[in-house]
Structure formats: C-alpha cells, structure tokens
Amino acid sequence: MKNSKKIKLRIEPLGKELLVNKGTPLKDIIFEYGVEFPCGGEGTCGGCKVKLLAGDVKDPGKHEELNYKLGLEPEYRLACISELVEDITLEIPQFESIILADNTQFAFIPRENYGIALDIGTTTLVAQLIDLSTGQVMAVQTSRNPQTRYGSDIMSRVLHGLTEEGSAELKKLIRDETHRLVKLLLDGKDVTLKKIVLVGNSVMHHLFCGFNVQPLSMYPFETTNNKSTEYTSKDLRWDLADGVKIIFARPIASFIGSDIYAGIIASGMDKNPHLTALIDLGTNGEVVVGNNEKMVCASTAAGPAFEGANIHMGMSAMSGAISSVSLSNSQIDYHVIGNQEALGICGSGLIDAVAVFLQNGALDSGGALANQDERLKIGERVYLTQKDVREFQLAKGALSAGLQILVNKLGRTLSDITRVYIAGGFGNFINLENVVRLGMLEIDEYKIQKLGNSALIGAKMLLFTDDYSFENVLTKIEHISLDADENFQDIFVEKMFFTE
Ligand code: FES
C-alpha cells in the first residue's frame with residue numbers, strides 16, 4: 001500500500017464526515033459531492049476554493065501567491081491543488097454560491113420556493129437542492145447508480161433492460177434511489193419544493209421512464225421516445241407534497257441524451273454566433289458543433305476505452321485507478337485516485353500513458369510497440385498491452401473523425417472553431433496538453449475549456465423555466481449518423497495515427 005493512514009475530513013455545510021487515506025487529493029473526494037472545477041483544476045479561476053475551518057491542506061506552496069492573484073482571504077485554499085494530510089474541517093462556498101458566477105449567458109429570474117436538479121449518470125447520481133429565489137445550493141447528495149449491479153457500461157444496462165422483467169427491475173432501482181436522494185435533500189428542511197429536473201443519457205432516460213430500450217440495442221440505435229416526460233409525485237409513488245412537478249428532460253436523438261442538451265445550455269453555445277463545440281468523452285463520446293443558428297451532433301463510439309472498458313487493466317475513475325501518468329527524469333511517475341495501491345488505469349491515465357510511451361519511444365506513430373514481446377509497464381502491477389493501445393487508437397480515431405465530419409457538414413474547418421467545451425466528470429480530469437499532442441482533438445489547446453458537471457449546471461438552469469420553451473433549442477440541432485457518411489471510414493483510419 002502507498003499510504004494507508006486514515007484522516008478525518010468534515011465537509012460543511014453538508015455536515016458530512018469521511019475517513020480518507022492520508023495524501024488523497026481533495027478534488028478526488030469533493031468532485032463526487034457535485035463540486036465543480038470551472039477551469040479544470042488549472043488553479044486560475046478560484047471556483048473550487050474551500051475555506052479552512054480547522055486544520056490545513058498541503059499544496060505545492062503556491063496558495064499565498066494564488067490567493068493574492070485571485071483576491072482570496074488567507075483562510076481559503078484551492079481544492080484542485082490541495083492534498084489531505086491531517087484531520088480537517090472545510091467549508092465549501094460553492095454550495096452557497098449563485099448558480100453561475102458568469103451571468104452573461106444565463107440570467108435567471110428569481111422565483112419562489114425550491115427546486116432540485118438531478119444528474120442521473122450511468123455510474124453516479126448527483127442531486128442539488130436549489131433556493132429558486134437566490135440560486136443558492138442548499139444541499140447536495142450523491143450516490144452510486146444502483147443499476148451498476150447489472151454492469152457498469154451502458155450497453156450491459158440496455159441488454160438487461162431488453163426483457164420486461166429486467167426493464168421493470170432497472171426502472172424500480174433508479175426511481176427508488178432518486179426518491180431516496182430527494183428525501184435526503186429535504187430532510188429536516190422546512191421548504192416548499194416546486195420542481196425537480198432530471199437529466200441523463202438516453203439510456204438512463206428510457207430506463208427511468210420505462211420506455212423500450214430495444215431500438216437502442218442495435219443499429220441505427222434509435223430512441224423510442226424523444227419527449228420530456230412529466231410526472232407528479234403520485235405517478236411515481238414518491239412521498240412528496242402534491243404539486244411538485246418532476247420532469248425528465250428529453251434526449252436529443254439516439255445516444256445524445258438530455259445530459260448533452262443540458263451541457264449545450266450550460267455552455268451557452270446555442271446563443272453564441274461563433275462556431276463552438278461541446279464534447280462529452282464519457283459513455284459514447286458525444287460531439288455537438290455549431291452556433292446560435294444551427295448545430296449538428298453525433299455519438300462517436302469513443303467512450304468505452306475512456307471508461308476503462310476493453311482495456312486489459314482498465315477501470316472507472318475510482319479509488320485505486322491510475323488517473324495521471326508523466327515522465328520525470330525519464331522515469332514514469334503516476335497518480336492513483338485515493339492515494340492507495342494502483343489496481344488499474346482509468347481513461348485520463350490511459351491518455352497520459354499513451355502520450356508518455358510515445359514520448360519515450362516505447363510506441364511508434366502508428367501505435368506499434370517498439371518491442372512486440374513486451375508490455376508497457378506503468379506501475380508495479382499495472383501495464384498496457386498492444387491491444388490496449390489499439391483500443392485507444394480506435395477511440396481517438398472515432399472522436400477525431402466525428403468532430404471532422406460534423407465540421408464538414410457545416411461547411412466549415414476545424415480552425416473555424418473558436419472554443420471547445422469539454423463536458424462530464426471524466427473530461428474534468430484529462431490532461432489537455434496530451435489530448436492535443438495525441439491528436440484526439442486537433443484544436444489549439446487555449447481554445448479548449450473544461451466545463452465540469454455541465455449536465456448538472458444545465459439541469460439547474462432548467463429549474464428556472466416555467467414551460468417547455470427551453471426545448472426551442474432542439475429545433476436547431478440535427479443528429480448525424482457518422483456510419484452513414486461516405487467519408488467516415490477513410491477519415492477514421494487516417495485519424496487513428498498519432499501526430500507526433
Ligand atoms: S482554481 Fe481550481 S478549478 Fe479553477
């Protein structure tokens with residue numbers, strides 16, 4: 001074990017007390033609680049600031065300089081660069097702040113009562129209780145999606161949901177867990193709840209609503225219902241006051257769910273006259289490109305490798321996963337989530353590892369191992385195989401080709417893109433320099449911006465609308481099936497090569 005000494009972490013105002021391994025990066029813990037990292041952990045925005053109530057964190061000795069630059073009082077630390085080394089109590093101001101510090105793209109009109117925004121992820125659920133008069137986050141709850149017992153990847157859920165029995169089981173699991181989170185959010189609070197907005201990928205939407213997932217199991221992977229679905233608490237048999245509106249926002253098409261739709265709203269790309277793109281690397285590698293007049297979107301089959309699927313020692317981004325790899329004096333250095341023994345490698349670690357092996361010559365630009373008899377060793381027990389590198393190349397090729405084809409559809413070029421927003425939890429932790437170096441995105445690094453949990457931010461924004469006028473944005477979006485594009489195969493093969 002790297003370091004098994006436990007320390008106590010108390011998070012206010014959640015009142016949550018956790019035992020964590022000494023040396024664990026703070027961001028590994030609080031991201032799970034819905035904390036967003038607006039600049040992706042670059043230490044430049046201050047959005048992840050935490051207030052020390054007792055104890056201190058360890059940081060790279062930069063906090064005085066950064067606090068001064070960002071105008072923070074001395075008792076604040078940036079969570080993205082902090083390590084937990086002693087018993088500590090922290091207050092997380094993000095739970096009390098206005099929905100978006102930047103209101104140029106979203107100005108909400110305050111209203112009475114309370115709302116709940118819920119991001120139903122394939123792996124994790126995050127729920128926030130919002131005071132609709134101020135936009136303040138009053139409470140946060142997270143949990144693991146209980147459907148994971150039927151497989152961690154999206155296709156295993158679809159397969160389990162093909163039978164009537166399986167579908168009913170998955171529906172009950174997710175509805176019960178969502179209900180539990182809502183009750184926990186309201187526990188002990190004298191508030192009037194008005195609305196709950198749920199967002200999630202198309203499969204999560206269909207399973208929650210009880211729609212047939214069979215068409216999502218085979219080509220051309222269609223949804224059976226593209227409507228926002230509204231419930232009363234009675235419909236769901238939830239123990240809530242009458243009059244609470246519960247809405248699962250609609251998918252866009254195929255595997256492009258309302259998590260992406262919420263991301264479009266959160267990024268403001270639907271209002272931007274310039275060409276921008278939104279990319280979610282989780283699950284299916286969804287890509288949207290366009291501006292305030294027209295957008296095109298596609299799912300690129302880039303997701304599985306980045307979620308650890310099909311990778312020999314792949315795993316999701318959880319304790320024990322190597323999440324970053326670098327070269328230091330020609331030696332391979334790596335970080336393990338939860339500061340414990342490395343058990344496998346997650347998507348962000350995979351990207352870094354491939355970049356490192358290209359850099360030290362263990363891989364050539366075609367992705368072949370210099371020594372075919374060897375494995376690419378990262379940690380004591382963790383390594384990549386030739387097949388893993390090929391899986392990575394397939395994912396990279398699919399993503400990069402997807403973006404190229406969508407840009408072509410709009411009659412534009414990659415250099416016309418003024419900004420690329422990276423959505424989703426996984427995107428938050430990837431090393432952008434390596435993403436660009438490997439040619440996963442052929443875009444200048446300064447144009448790429450990490451959005452954090454954009455699905456949750458978008459769901460919060462939807463709480464402030466009274467009708468379905470927000471769905472107007474969907475009339476501007478065209479879904480493209482990449483397989484049907486005659487140039488896809490050629491572009492895909494070309495993009496599988498590395499650029500350095
Ligand atoms: S400063 Fe930590 S996420 Fe921006």
# chains A, B, ... in the order shown; residues from 1 in each chain; ligands from 1
$ residues_near_ligand --ligand "ligand 1" --cutoff "6 Å" --atoms "only C-alpha atoms and all ligand atoms" --output "JSON, numbers by chain"
{"A": [37, 38, 39, 40, 41, 42, 43, 44, 45, 46, 47, 48, 78, 79, 80]}
$ closest_atom_pairs --of "region 28-126 of chain A" --to "region 227-251 of chain A" --cutoff "12 Å" --atoms "only C-alpha atoms" --output "CSV"
residue,atom,partner,partner_atom,distance
A:Asn113,CA,A:Val244,CA,10.9
A:Tyr114,CA,A:Val244,CA,10.0
A:Gly115,CA,A:Val244,CA,9.1
A:Ile116,CA,A:Ile246,CA,9.2
A:Ala117,CA,A:Ile247,CA,10.0
A:Leu118,CA,A:Phe248,CA,9.3
A:Asp119,CA,A:Phe248,CA,10.0
A:Ile120,CA,A:Phe248,CA,9.8
$ residues_around --residues "Phe497 (chain A)" --least-positions-apart "5" --cutoff "8 Å" --atoms "only C-alpha atoms" --output "list in words"
Ser365, Gly366, Gly367, Gln393 and Gly397 of chain A
$ closest_atom_pairs --of "region 364-462 of chain A" --to "region 277-284 of chain A" --cutoff "8 Å" --atoms "only C-alpha atoms" --output "tab-separated table"
residue	atom	partner	partner_atom	distance
A:Ile417	CA	A:Ala277	CA	7.1
A:Arg419	CA	A:Ala277	CA	6.4
A:Val420	CA	A:Ala277	CA	4.7
A:Tyr421	CA	A:Leu278	CA	4.7
A:Ile422	CA	A:Ile279	CA	5.0
A:Ala423	CA	A:Asp280	CA	4.8
A:Gly424	CA	A:Asp280	CA	5.8
A:Gly425	CA	A:Gly282	CA	7.9
A:Phe426	CA	A:Gly282	CA	6.4
A:Gly427	CA	A:Leu281	CA	6.4
$ write_last_selection --atoms "C-alpha atoms" --output "compact mmCIF listing (two decimals), in the first residue's frame"
# COMPACT_ATOMS: atom_id res chain seq x y z
CA ILE A 417 -13.92 26.55 -34.07
CA ARG A 419 -13.98 27.21 -28.41
CA VAL A 420 -14.33 23.54 -27.46
CA TYR A 421 -16.17 22.79 -24.23
CA ILE A 422 -15.28 19.51 -22.53
CA ALA A 423 -18.26 18.21 -20.57
CA GLY A 424 -18.64 15.49 -17.98
CA GLY A 425 -16.78 14.16 -15.00
CA PHE A 426 -14.10 12.37 -16.99
CA GLY A 427 -13.33 15.47 -19.05
$ closest_residue --among "A:Val389, A:Ile337, A:Ile264, A:Cys297" --to "Val473 (chain A)" --atoms "only C-alpha atoms"
A:Ile264
